[in-house]
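Below is the file model-v8.txt, which contains compact mmCIF, C-alpha atoms.
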# COMPACT_ATOMS: atom_id res chain seq x y z
CA MET A 1 124.53 75.79 81.12
CA PRO A 2 122.28 73.74 78.82
CA ASP A 3 122.17 74.84 75.20
CA THR A 4 119.13 76.22 73.39
CA PHE A 5 118.18 72.86 71.87
CA THR A 6 118.17 71.15 75.27
CA LEU A 7 116.06 73.94 76.80
CA ALA A 8 113.58 73.71 73.94
CA LEU A 9 113.39 69.92 74.35
CA ILE A 10 112.74 70.30 78.09
CA VAL A 11 110.00 72.90 77.50
CA ILE A 12 108.31 70.79 74.82
CA SER A 13 108.45 67.64 76.99
CA THR A 14 107.06 69.50 80.02
CA ALA A 15 104.23 71.05 77.98
CA THR A 16 103.38 67.70 76.38
CA GLY A 17 103.33 65.93 79.74
CA THR A 18 101.20 68.67 81.28
CA LEU A 19 98.65 68.49 78.44
CA TRP A 20 98.55 64.69 78.63
CA ALA A 21 97.98 64.76 82.39
CA TRP A 22 95.32 67.45 82.02
CA ARG A 23 93.50 65.44 79.37
CA SER A 24 93.66 62.27 81.48
CA LEU A 25 92.64 63.82 84.80
CA HIS A 26 89.93 66.23 83.60
CA PRO A 27 89.00 65.51 79.97
CA ARG A 28 85.94 67.76 79.98
CA SER A 29 87.81 71.00 80.77
CA PHE A 30 90.61 69.98 78.37
CA TRP A 31 88.06 69.55 75.60
CA TRP A 32 86.40 72.92 76.16
CA ILE A 33 89.63 74.93 76.53
CA ILE A 34 92.07 73.15 74.21
CA GLY A 35 90.35 70.40 72.22
CA TYR A 36 87.32 72.26 70.90
CA PRO A 37 89.11 75.41 69.62
CA ALA A 38 91.74 73.29 67.87
CA THR A 39 89.06 71.01 66.39
CA ALA A 40 86.88 73.91 65.21
CA LEU A 41 89.85 75.51 63.45
CA HIS A 42 90.85 72.21 61.86
CA VAL A 43 87.32 71.51 60.62
CA ARG A 44 86.93 74.97 59.06
CA LEU A 45 90.34 74.86 57.37
CA THR A 46 89.86 71.35 55.92
CA TRP A 47 86.17 71.62 55.00
CA ARG A 48 86.73 72.35 51.30
CA ARG A 49 88.85 69.28 50.60
CA VAL A 50 86.78 67.06 52.93
CA ALA A 51 83.56 68.09 51.14
CA LEU A 52 85.24 67.51 47.78
CA GLY A 53 86.51 64.08 48.80
CA CYS A 54 83.10 63.05 50.17
CA GLY A 55 81.23 64.18 47.06
CA LEU A 56 79.37 67.06 48.70
CA THR A 57 80.55 69.84 46.35
CA LYS A 58 78.86 71.18 43.21
CA LYS A 59 80.31 72.63 40.03
CA ARG A 60 79.39 76.28 39.65
CA GLN A 61 80.29 78.84 37.03
CA GLN A 62 82.08 81.89 38.42
CA TRP A 63 83.75 84.90 36.94
CA TRP A 64 87.50 84.60 37.27
CA PHE A 65 90.26 87.01 36.33
CA THR A 66 93.07 84.91 34.93
CA THR A 67 95.76 84.57 32.30
CA VAL A 68 94.59 82.07 29.71
CA PRO A 69 95.56 81.01 26.21
CA GLY A 70 93.42 83.20 23.99
CA ALA A 71 94.17 81.55 20.66
CA ILE A 72 96.66 79.23 18.98
CA ALA A 73 97.94 80.26 15.60
CA SER A 74 98.68 77.83 12.80
CA THR A 75 102.35 78.39 13.50
CA GLY A 76 101.90 77.01 17.03
CA ILE A 77 102.49 80.36 18.69
CA VAL A 78 100.23 80.83 21.74
CA LYS A 79 98.68 84.25 22.08
CA VAL A 80 98.03 85.14 25.72
CA LYS A 81 95.85 87.94 27.05
CA ARG A 82 94.42 88.86 30.41
CA ARG A 83 90.65 88.90 30.68
CA PHE A 84 87.66 87.93 32.83
CA GLN A 85 86.10 84.60 32.00
CA ARG A 86 83.65 82.16 33.50
CA VAL A 87 85.23 79.01 34.92
CA ALA A 88 83.76 75.94 36.67
CA VAL A 89 84.85 75.65 40.29
CA ASP A 90 83.98 73.17 43.05
CA THR A 91 81.75 74.97 45.55
CA LYS A 92 81.49 73.59 49.07
CA PRO A 93 78.34 73.89 51.25
CA PHE A 94 78.45 76.90 53.54
CA MET A 95 79.40 75.89 57.07
CA TRP A 96 78.55 77.75 60.25
CA PRO A 97 81.13 77.67 63.06
CA PRO A 98 81.15 74.29 64.86
CA LEU A 99 79.54 74.31 68.32
CA PRO A 100 80.83 72.09 71.13
CA THR A 101 78.76 69.32 72.71
CA ARG A 102 79.47 66.99 75.60
CA TYR A 103 80.84 64.22 73.40
CA GLY A 104 82.05 66.19 70.37
CA TRP A 105 80.57 68.98 68.33
CA ARG A 106 77.77 69.84 65.93
CA VAL A 107 77.77 72.02 62.87
CA THR A 108 75.07 73.42 60.58
CA LEU A 109 75.47 73.43 56.79
CA HIS A 110 73.54 75.12 53.98
CA THR A 111 72.72 72.61 51.29
CA LEU A 112 73.62 73.27 47.69
CA GLU A 113 71.10 73.06 44.87
CA GLY A 114 69.81 69.55 44.33
CA GLN A 115 71.08 68.20 47.65
CA THR A 116 68.94 66.34 50.20
CA PRO A 117 69.64 64.98 53.71
CA THR A 118 70.11 61.55 52.13
CA ASP A 119 73.22 62.79 50.31
CA TYR A 120 74.79 63.70 53.65
CA SER A 121 73.63 60.49 55.36
CA GLU A 122 75.33 58.44 52.65
CA ALA A 123 78.52 60.46 53.17
CA ALA A 124 78.41 60.20 56.99
CA GLU A 125 80.87 57.31 57.22
CA ALA A 126 83.28 59.03 54.83
CA LEU A 127 83.05 62.23 56.90
CA ALA A 128 83.77 60.27 60.09
CA HIS A 129 86.91 58.74 58.57
CA SER A 130 88.02 62.08 57.13
CA TRP A 131 87.80 63.79 60.51
CA GLY A 132 88.97 60.75 62.50
CA VAL A 133 85.89 60.65 64.77
CA HIS A 134 83.68 57.87 66.12
CA ALA A 135 80.50 58.71 64.23
CA VAL A 136 78.69 61.42 62.26
CA ARG A 137 74.90 61.62 62.46
CA VAL A 138 72.78 63.73 60.13
CA SER A 139 69.56 65.62 60.83
CA SER A 140 67.67 68.37 59.05
CA PRO A 141 66.16 71.06 61.29
CA ARG A 142 64.44 72.73 58.31
CA PRO A 143 64.57 72.70 54.51
CA GLY A 144 67.91 73.80 53.15
CA ARG A 145 69.75 73.11 56.40
CA ILE A 146 71.74 70.07 57.45
CA ARG A 147 73.05 69.52 60.96
CA LEU A 148 75.95 67.17 61.55
CA HIS A 149 76.28 65.68 65.05
CA ILE A 150 79.82 64.44 65.60
CA THR A 151 80.89 62.21 68.49
CA LEU A 152 84.59 61.80 69.18
CA THR A 153 84.22 58.57 71.17
CA ASP A 154 81.38 56.14 71.76
CA PRO A 155 79.31 57.53 74.68
CA LEU A 156 77.62 54.14 75.10
CA THR A 157 80.77 52.27 76.16
CA THR A 158 80.04 53.03 79.79
CA ILE A 159 76.95 54.84 81.09
CA THR A 160 75.84 55.93 84.53
CA GLN A 161 72.27 55.87 85.70
CA LEU A 162 70.34 59.13 85.42
CA PRO A 163 67.62 60.40 87.77
CA THR A 164 64.19 58.97 87.07
CA SER A 165 61.61 61.13 85.35
CA PRO A 166 58.95 62.61 87.63
CA ASP A 167 56.29 62.64 84.89
CA LEU A 168 53.52 60.07 84.67
CA LEU A 169 54.07 57.22 82.17
CA LYS A 170 57.55 58.53 81.36
CA VAL A 171 60.64 56.46 82.25
CA THR A 172 64.33 57.20 81.72
CA VAL A 173 65.74 53.80 80.75
CA GLY A 174 69.20 54.69 79.45
CA ARG A 175 71.20 57.10 77.33
CA LEU A 176 71.24 57.98 73.64
CA GLU A 177 74.42 58.19 71.61
CA THR A 178 74.06 61.97 71.68
CA GLY A 179 74.45 61.90 75.47
CA ASP A 180 70.80 62.79 76.05
CA PRO A 181 68.58 60.62 78.27
CA TRP A 182 66.78 57.75 76.59
CA VAL A 183 63.17 58.26 77.64
CA ILE A 184 60.21 56.00 76.96
CA ASP A 185 57.12 58.22 77.13
CA PHE A 186 53.87 56.30 76.73
CA ARG A 187 51.83 59.51 76.55
CA THR A 188 53.74 60.51 73.39
CA VAL A 189 54.41 57.05 71.88
CA PRO A 190 51.77 54.69 73.30
CA HIS A 191 52.88 51.31 71.90
CA TRP A 192 56.39 49.86 71.66
CA MET A 193 58.03 46.85 70.04
CA ASN A 194 61.27 45.64 71.67
CA VAL A 195 63.21 42.84 69.96
CA GLY A 196 66.57 41.24 70.60
CA ALA A 197 68.40 37.94 70.76
CA THR A 198 69.31 36.17 73.98
CA GLN A 199 71.76 38.20 76.08
CA SER A 200 71.24 41.29 73.92
CA GLY A 201 69.77 43.41 76.73
CA LYS A 202 66.09 43.04 75.86
CA SER A 203 65.09 41.73 79.30
CA ASN A 204 67.29 44.31 81.01
CA LEU A 205 65.31 47.05 79.26
CA ALA A 206 62.08 45.51 80.55
CA ASN A 207 63.60 45.53 84.06
CA SER A 208 64.43 49.24 83.67
CA LEU A 209 60.87 49.92 82.61
CA ILE A 210 59.41 48.01 85.56
CA VAL A 211 61.66 49.86 88.02
CA GLY A 212 60.57 53.20 86.56
CA LEU A 213 56.84 52.41 86.42
CA ALA A 214 56.63 50.61 89.78
CA ALA A 215 56.77 53.89 91.69
CA GLN A 216 54.09 55.53 89.54
CA PRO A 217 50.29 55.37 90.01
CA VAL A 218 49.77 53.03 87.06
CA ALA A 219 48.61 49.44 86.71
CA LEU A 220 50.96 46.82 85.23
CA VAL A 221 49.61 43.75 83.45
CA GLY A 222 52.02 40.98 82.41
CA PHE A 223 51.96 38.36 79.66
CA ASP A 224 54.88 36.00 80.26
CA LEU A 225 54.89 33.30 77.60
CA LYS A 226 57.97 31.66 79.11
CA GLY A 227 55.72 30.01 81.66
CA GLY A 228 56.05 32.89 84.10
CA VAL A 229 59.80 32.72 84.76
CA GLU A 230 60.40 36.33 83.66
CA PHE A 231 57.58 38.28 85.35
CA THR A 232 56.66 36.07 88.32
CA PRO A 233 59.31 37.77 90.55
CA TYR A 234 57.46 41.04 89.97
CA GLU A 235 53.98 39.58 90.47
CA LYS A 236 53.30 41.62 93.64
CA ARG A 237 53.36 44.81 91.53
CA LEU A 238 51.28 43.29 88.70
CA SER A 239 47.52 43.55 88.67
CA ALA A 240 47.27 40.43 86.48
CA LEU A 241 49.68 37.90 84.99
CA ALA A 242 49.10 35.39 82.19
CA THR A 243 51.68 32.62 81.72
CA SER A 244 50.18 30.61 78.83
CA ARG A 245 48.32 31.33 75.61
CA ALA A 246 45.04 30.13 77.07
CA GLU A 247 45.42 32.50 80.02
CA SER A 248 46.51 35.24 77.63
CA THR A 249 43.35 34.83 75.58
CA ASP A 250 41.18 35.19 78.66
CA LEU A 251 43.13 38.18 79.96
CA LEU A 252 43.01 39.93 76.59
CA THR A 253 39.26 39.37 76.48
CA ASP A 254 38.95 41.02 79.90
CA LEU A 255 41.11 43.94 78.74
CA ILE A 256 38.87 44.43 75.70
CA ALA A 257 35.81 44.50 77.98
CA LEU A 258 37.57 47.01 80.25
CA MET A 259 38.42 49.17 77.24
CA ILE A 260 34.79 49.13 76.08
CA ASP A 261 33.67 50.23 79.56
CA ARG A 262 36.08 53.14 79.40
CA MET A 263 34.73 54.03 75.95
CA GLY A 264 31.27 54.32 77.46
CA GLN A 265 32.59 56.38 80.37
CA CYS A 266 34.26 58.85 77.99
CA ARG A 267 31.21 59.01 75.73
CA THR A 268 28.93 59.77 78.68
CA ALA A 269 31.26 62.55 79.84
CA GLY A 270 31.70 63.95 76.32
CA ALA A 271 35.46 63.28 76.42
CA ARG A 272 37.62 62.02 73.56
CA ASN A 273 40.00 60.20 75.91
CA ILE A 274 40.52 59.53 79.60
CA TRP A 275 42.84 62.53 79.96
CA GLN A 276 39.90 64.86 79.32
CA LEU A 277 38.02 63.41 82.28
CA PRO A 278 38.16 65.06 85.72
CA ASP A 279 40.97 63.77 87.93
CA THR A 280 38.51 62.14 90.32
CA ASP A 281 36.82 60.19 87.51
CA ARG A 282 39.87 59.26 85.46
CA PRO A 283 40.55 55.50 85.36
CA ILE A 284 44.01 54.18 86.11
CA PRO A 285 46.27 53.89 83.05
CA ILE A 286 47.44 50.36 82.29
CA VAL A 287 50.81 49.37 80.83
CA ILE A 288 50.68 45.89 79.26
CA LEU A 289 54.04 44.08 79.26
CA ILE A 290 54.35 41.13 76.88
CA ASP A 291 57.38 38.83 76.83
CA GLU A 292 58.01 36.40 73.94
CA ILE A 293 55.20 37.75 71.82
CA ALA A 294 55.89 35.23 69.04
CA GLU A 295 54.43 32.51 71.27
CA LEU A 296 51.01 34.14 70.86
CA TYR A 297 51.14 33.51 67.10
CA LEU A 298 52.84 30.11 66.77
CA MET A 299 50.66 27.15 65.81
CA ALA A 300 51.60 23.50 66.26
CA ASP A 301 48.52 22.30 64.35
CA LYS A 302 45.25 23.58 62.90
CA ALA A 303 43.47 22.98 66.22
CA GLU A 304 45.22 26.07 67.61
CA LYS A 305 44.22 28.29 64.67
CA ASN A 306 41.09 29.71 66.27
CA GLU A 307 42.89 30.45 69.55
CA VAL A 308 45.70 32.25 67.72
CA ALA A 309 43.20 34.23 65.65
CA ALA A 310 41.28 35.32 68.76
CA THR A 311 44.47 36.36 70.55
CA SER A 312 45.81 38.21 67.52
CA THR A 313 42.54 40.09 66.98
CA ALA A 314 42.24 41.12 70.63
CA LEU A 315 45.83 42.36 70.78
CA LEU A 316 45.39 44.32 67.56
CA ARG A 317 42.19 45.94 68.87
CA ILE A 318 44.03 47.11 71.98
CA ALA A 319 46.83 48.52 69.82
CA GLN A 320 44.37 50.37 67.57
CA LEU A 321 42.00 51.71 70.22
CA GLY A 322 43.75 51.47 73.59
CA ARG A 323 45.72 54.73 73.63
CA ALA A 324 42.70 56.97 74.12
CA PHE A 325 41.47 54.80 76.99
CA GLY A 326 44.74 54.42 78.89
CA LEU A 327 45.98 51.04 77.60
CA TYR A 328 49.61 50.96 76.47
CA LEU A 329 51.61 48.08 74.99
CA PHE A 330 55.25 47.12 75.42
CA CYS A 331 55.86 43.97 73.36
CA CYS A 332 59.13 42.01 73.65
CA GLY A 333 60.40 39.11 71.56
CA GLN A 334 63.52 37.37 70.31
CA ARG A 335 62.36 37.45 66.72
CA ILE A 336 59.44 38.92 64.84
CA GLY A 337 58.92 37.84 61.23
CA SER A 338 56.23 37.89 58.59
CA ASP A 339 56.13 34.07 58.77
CA LEU A 340 54.21 34.43 62.05
CA GLY A 341 51.21 35.64 60.09
CA PRO A 342 49.47 38.86 59.10
CA GLY A 343 48.54 39.56 62.72
CA VAL A 344 52.16 40.36 63.60
CA THR A 345 52.50 42.67 60.59
CA ALA A 346 49.31 44.51 61.55
CA LEU A 347 50.46 44.86 65.17
CA ARG A 348 53.85 46.15 64.03
CA ALA A 349 52.11 48.91 62.06
CA GLN A 350 50.43 50.12 65.27
CA CYS A 351 53.65 50.16 67.33
CA SER A 352 55.33 53.43 66.43
CA GLY A 353 57.97 52.91 69.14
CA ARG A 354 60.68 50.57 67.80
CA ILE A 355 63.66 49.16 69.70
CA CYS A 356 66.01 46.69 68.02
CA HIS A 357 68.83 45.08 70.02
CA ARG A 358 71.32 42.67 68.51
CA VAL A 359 69.38 40.06 66.50
CA ASN A 360 70.35 36.74 64.94
CA ASP A 361 68.48 37.12 61.66
CA PRO A 362 68.19 40.12 59.33
CA GLU A 363 64.43 39.69 58.88
CA THR A 364 63.76 40.62 62.51
CA ALA A 365 65.77 43.82 62.09
CA THR A 366 63.94 44.55 58.84
CA MET A 367 60.56 43.85 60.43
CA THR A 368 61.36 46.22 63.29
CA LEU A 369 63.22 49.01 61.52
CA GLY A 370 62.45 48.42 57.85
CA ASP A 371 60.34 51.54 57.38
CA LEU A 372 63.04 53.78 58.88
CA ASP A 373 66.30 54.97 57.36
CA PRO A 374 68.14 52.01 55.74
CA ALA A 375 71.21 53.10 57.70
CA ALA A 376 69.36 52.06 60.86
CA LEU A 377 69.33 48.46 59.61
CA VAL A 378 73.07 48.56 58.99
CA SER A 379 73.69 49.89 62.51
CA ALA A 380 71.40 47.26 64.06
CA ARG A 381 73.28 44.42 62.40
CA ALA A 382 76.60 45.89 63.55
CA ILE A 383 75.80 45.84 67.28
CA PRO A 384 78.56 43.78 68.96
CA ALA A 385 77.76 40.99 71.39
CA GLU A 386 80.23 42.55 73.83
CA GLN A 387 77.88 45.51 74.41
CA PRO A 388 74.59 44.13 75.78
CA GLY A 389 71.91 46.75 76.15
CA VAL A 390 72.87 48.65 72.99
CA ALA A 391 69.94 49.08 70.62
CA ILE A 392 68.67 51.10 67.69
CA VAL A 393 65.74 53.25 68.79
CA ALA A 394 63.17 55.12 66.75
CA GLY A 395 63.14 58.42 68.62
CA GLN A 396 60.12 60.50 69.45
CA ASP A 397 61.48 63.26 67.20
CA GLY A 398 61.23 61.10 64.09
CA HIS A 399 64.94 60.20 63.95
CA TRP A 400 66.71 57.00 64.95
CA TYR A 401 69.54 56.71 67.46
CA ARG A 402 71.91 54.20 68.97
CA ALA A 403 71.10 53.88 72.66
CA ARG A 404 72.01 51.77 75.67
CA SER A 405 69.86 50.91 78.65
CA PHE A 406 71.08 51.10 82.24
CA HIS A 407 72.14 47.80 83.74
CA ILE A 408 69.33 46.86 86.13
CA PRO A 409 69.93 43.54 87.94
CA GLU A 410 66.91 41.30 88.31
CA GLN A 411 67.17 41.61 92.09
CA ALA A 412 66.92 45.40 91.85
CA ALA A 413 63.77 45.14 89.73
CA GLU A 414 62.28 42.58 92.14
CA ASP A 415 63.05 44.83 95.12
CA ALA A 416 61.34 47.76 93.38
CA ALA A 417 58.29 45.62 92.62
CA ASN A 418 58.04 44.46 96.23
CA ARG A 419 58.65 47.96 97.62
CA HIS A 420 55.82 49.44 95.57
CA ALA A 421 53.46 46.46 95.74
CA HIS A 422 50.89 48.61 97.55
CA ARG A 423 50.50 50.69 94.39
CA ALA A 424 49.21 47.74 92.37
CA PRO A 425 45.43 47.95 91.98
CA THR A 426 43.57 44.66 92.09
CA TRP A 427 41.82 43.43 89.00
CA LEU A 428 38.50 44.24 90.68
CA ASP A 429 39.67 47.84 91.15
CA LEU A 430 40.50 48.07 87.46
CA THR A 431 37.23 46.66 86.26
CA THR A 432 35.11 48.86 88.55
CA THR A 433 33.85 51.88 86.64
CA GLU A 434 33.99 54.28 89.57
CA GLN A 435 37.62 54.25 90.66
CA PRO A 436 39.33 56.64 93.02
CA THR A 437 42.39 57.70 91.04
CA PRO A 438 45.24 59.72 92.59
CA ILE A 439 46.64 60.73 89.21
CA ASN A 440 47.54 64.19 88.01
CA ALA A 441 47.75 64.50 84.25
Translate the structure of the given file into structure tokens.
Amino acid sequence: MPDTFTLALIVISTATGTLWAWRSLHPRSFWWIIGYPATALHVRLTWRRVALGCGLTKKRQQWWFTTVPGAIASTGIVKVKRRFQRVAVDTKPFMWPPLPTRYGWRVTLHTLEGQTPTDYSEAAEALAHSWGVHAVRVSSPRPGRIRLHITLTDPLTTITQLPTSPDLLKVTVGRLETGDPWVIDFRTVPHWMNVGATQSGKSNLANSLIVGLAAQPVALVGFDLKGGVEFTPYEKRLSALATSRAESTDLLTDLIALMIDRMGQCRTAGARNIWQLPDTDRPIPIVILIDEIAELYLMADKAEKNEVAATSTALLRIAQLGRAFGLYLFCCGQRIGSDLGPGVTALRAQCSGRICHRVNDPETATMTLGDLDPAALVSARAIPAEQPGVAIVAGQDGHWYRARSFHIPEQAAEDAANRHAHRAPTWLDLTTTEQPTPINA
């Protein structure tokens, strides 16, 4: 008969092997039944010393019943008496019970006096190391409350494609680090700036967008300043395509004229935008895709100055006025810097949607994300080359997130463009005031 020690060793080994197999074969159920309760207990028990170590506590005076030296006589004899006295203690922020999420957990804290969300954002990395997790993100649902979103592992390492959105001008292009879908919604955020170095995933994101929009009743207009090599495969789904700056200038001029016609149409109908028009009278919304936007602003000599100025002005007018009349911008480029001129800075101010992939120079990241949380710049510069498609995104809720787009091969995007080529209105259809439009707002 085996002794007690051997039996205990067998039981422990069997239990450990069973838990390891459970975690490997079905990690989600393991997390909900075993991992989350153990984690929640650990977080609550260690919160005081973690908050103290991360500098999130405050000194507060509290009444304390203790034995203290009351006085010291000249002879050196210590007189001791019991009494209540006020002492300074380290007070931790109140923590609600942690709640499980798909990739970790979230917890709500009550801030202490004088604390702001910035204090917790600055301590996020220290909190992640203290708890041994992948990342800690901070948000503030309302004044006096802080919500920590904790991810145990990086959810962007591998992602699977999600169902496409059924709503007009809304495309699911990937996944956020929280596990939620990454959605580009032109009705909510009309103009976007997408930057990234070569092989960073910038073009893949454009492919995802084309696949999502191709099946919708919208017009696509392309500006491909690489001579047409990027968007020509999708030309059957495009209503117009410009492949040089001269062609771009002419096409932008036509888009301005189209926008002015729509202004008149809305004014005659007493509508503030095209979405207040009847369905039968509503013009087709247009998504304008621009690749290598810096080429529109570069000048080889002074002879090109007027052409650049005209292009810059037209593009800025569309960004400022186009939303109400169904014109939406999605501008892509390898780098965007202030050295390209004031036109780029003005356009950037109109593009509230910001996407920054891995970039080669810090100025491009600053130009794209500079007016967001400084931590967004740090995260953008830390994107590894081994993870193409990962980007920092300014979310529609006012926060920034790490995100990764679905891998869409060029052939898949070309097949989608060819399959839905019949949905592409001709340029004559777009410029005709009375258009039959099968769109439901």
Handout entry: Residue nearest Ala413 of chain A among A:Leu127, A:Cys351, A:Leu213, A:Ala385 (counting all atoms listed in the file)
Key =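 Nearest candidate to Ala413 of chain A out of A:Leu127, A:Cys351, A:Leu213, A:Ala385: A:Leu213.
Using all atoms listed in the file, the nearest neighbour of Trp131 of chain A within the list A:Gly353, A:Gly333, A:Gly104, A:Gly370 is A:Gly104.
Restricting the calculation to all atoms listed in the file, the smallest distance between Leu315 of chain A and any of A:Ile290, A:Val133, A:Val173, A:Cys356 is found for A:Ile290.
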Practice task
Go through A:Gly196, A:Pro342, A:Gly322, A:Pro388 and flag the residue nearest Glu292 of chain A, using all atoms listed in the file for the distances.
Solution key: A:Gly196
Problem - Who sits within 10 Å of Ser203 of chain A, all atoms listed in the file, same chain under 5 positions skipped, as a VMD selection string - result: chain A and resid 194 to 198 208 to 209 230 291 332 to 333 389 408 410
Just to be explicit: take each residue in the selection above, keep C-alpha atoms, and write the result as a tab-separated table (two decimals), in the coordinates of the input.
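Generated output (out-v8.tsv):
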chain	number	residue	atom	x	y	z
A	194	ASN	CA	61.27	45.64	71.67
A	195	VAL	CA	63.21	42.84	69.96
A	196	GLY	CA	66.57	41.24	70.60
A	197	ALA	CA	68.40	37.94	70.76
A	198	THR	CA	69.31	36.17	73.98
A	208	SER	CA	64.43	49.24	83.67
A	209	LEU	CA	60.87	49.92	82.61
A	230	GLU	CA	60.40	36.33	83.66
A	291	ASP	CA	57.38	38.83	76.83
A	332	CYS	CA	59.13	42.01	73.65
A	333	GLY	CA	60.40	39.11	71.56
A	389	GLY	CA	71.91	46.75	76.15
A	408	ILE	CA	69.33	46.86	86.13
A	410	GLU	CA	66.91	41.30	88.31
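Atom to atom, atom CA of Asp250 of chain A and atom CA of Phe223 of chain A stand 11.3 Å apart.
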Exercise for the section: Between A:Ile392, A:Cys54, A:Ile284, A:Met193, single out the one closest to Leu258 of chain A, counting only C-alpha atoms. Expected result: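 Closest to Leu258 of chain A of all the choices is A:Ile284.
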Val107 of chain A: which residues within 9 Å, counting all atoms listed in the file, same-chain residues fewer than 5 positions away excluded, as a PDB file with C-alpha atoms, in the coordinates of the input?
ATOM      1  CA  MET A  95      79.400  75.890  57.070  1.00  0.00           C
ATOM      2  CA  TRP A  96      78.550  77.750  60.250  1.00  0.00           C
ATOM      3  CA  PRO A  97      81.130  77.670  63.060  1.00  0.00           C
ATOM      4  CA  PRO A  98      81.150  74.290  64.860  1.00  0.00           C
ATOM      5  CA  LEU A  99      79.540  74.310  68.320  1.00  0.00           C
ATOM      6  CA  PRO A 100      80.830  72.090  71.130  1.00  0.00           C
ATOM      7  CA  ILE A 146      71.740  70.070  57.450  1.00  0.00           C
ATOM      8  CA  ARG A 147      73.050  69.520  60.960  1.00  0.00           C
ATOM      9  CA  LEU A 148      75.950  67.170  61.550  1.00  0.00           C
ATOM     10  CA  HIS A 149      76.280  65.680  65.050  1.00  0.00           C
ATOM     11  CA  ILE A 150      79.820  64.440  65.600  1.00  0.00           C
TER      12      ILE A 150
END
Problem - Atom pair atom CA of Tyr36 of chain A / atom CA of Phe94 of chain A: separation (Å) - result: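 Interatomic distance here is 20.0 Å.
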Problem - Point-to-point distance from atom CA of Thr232 of chain A to atom CA of Phe186 of chain A, Å rounded to tenths - result: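 Taking atom CA of Thr232 of chain A as the start and atom CA of Phe186 of chain A as the end point, the length is 23.5 Å.
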Exercise for the section: Please provide the set of residues having any atom within 12 Å of Asp119 of chain A, restricted to only C-alpha atoms, with same-chain residues fewer than 2 positions apart removed, written as a PyMOL selection string. Expected result: chain A and resi 51+54-57+111-117+121-127+138-140+146
Exercise for the section: Go through A:Lys226, A:His357, A:Arg187, A:His134 one by one, measure the shortest atom-to-atom distance of each to Phe325 of chain A using all atoms listed in the file, and give the residue with the smallest value. Expected result: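 Smallest distance to Phe325 of chain A is found for A:Arg187.
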Handout entry: Spatial neighbours of Gly343 of chain A, max dist 9 Å, all atoms listed in the file, sep filter under 5 positions, as a count of residues only
Key = 8
Handout entry: Expected residue set, 12 Å radius at (57.4, 61.6, 88.9), only C-alpha atoms, as a ChimeraX atom specification
Key = /A:163-172,212-218,439-441
Please, what is the axis-aligned box for every listed atom of segment 268-271 of chain A with 6 Å on each side, as centre and edge lengths in Å to one decimal, as lines of an AutoDock Vina configuration file?
center_x = 32.2
center_y = 61.9
center_z = 78.1
size_x = 18.5
size_y = 16.2
size_z = 15.5
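Using only C-alpha atoms, the residues found no farther than 12 Å from Leu277 of chain A, other than those of its own chain fewer than 2 positions away, are A:Arg262, A:Met263, A:Gln265, A:Cys266, A:Arg267, A:Thr268, A:Ala269, A:Gly270, A:Ala271, A:Arg272, A:Asn273, A:Ile274, A:Trp275, A:Asp279, A:Thr280, A:Asp281, A:Arg282, A:Pro283, A:Ile284, A:Ala324, A:Phe325, A:Gly326, A:Thr437, A:Ile439, A:Asn440, A:Ala441.
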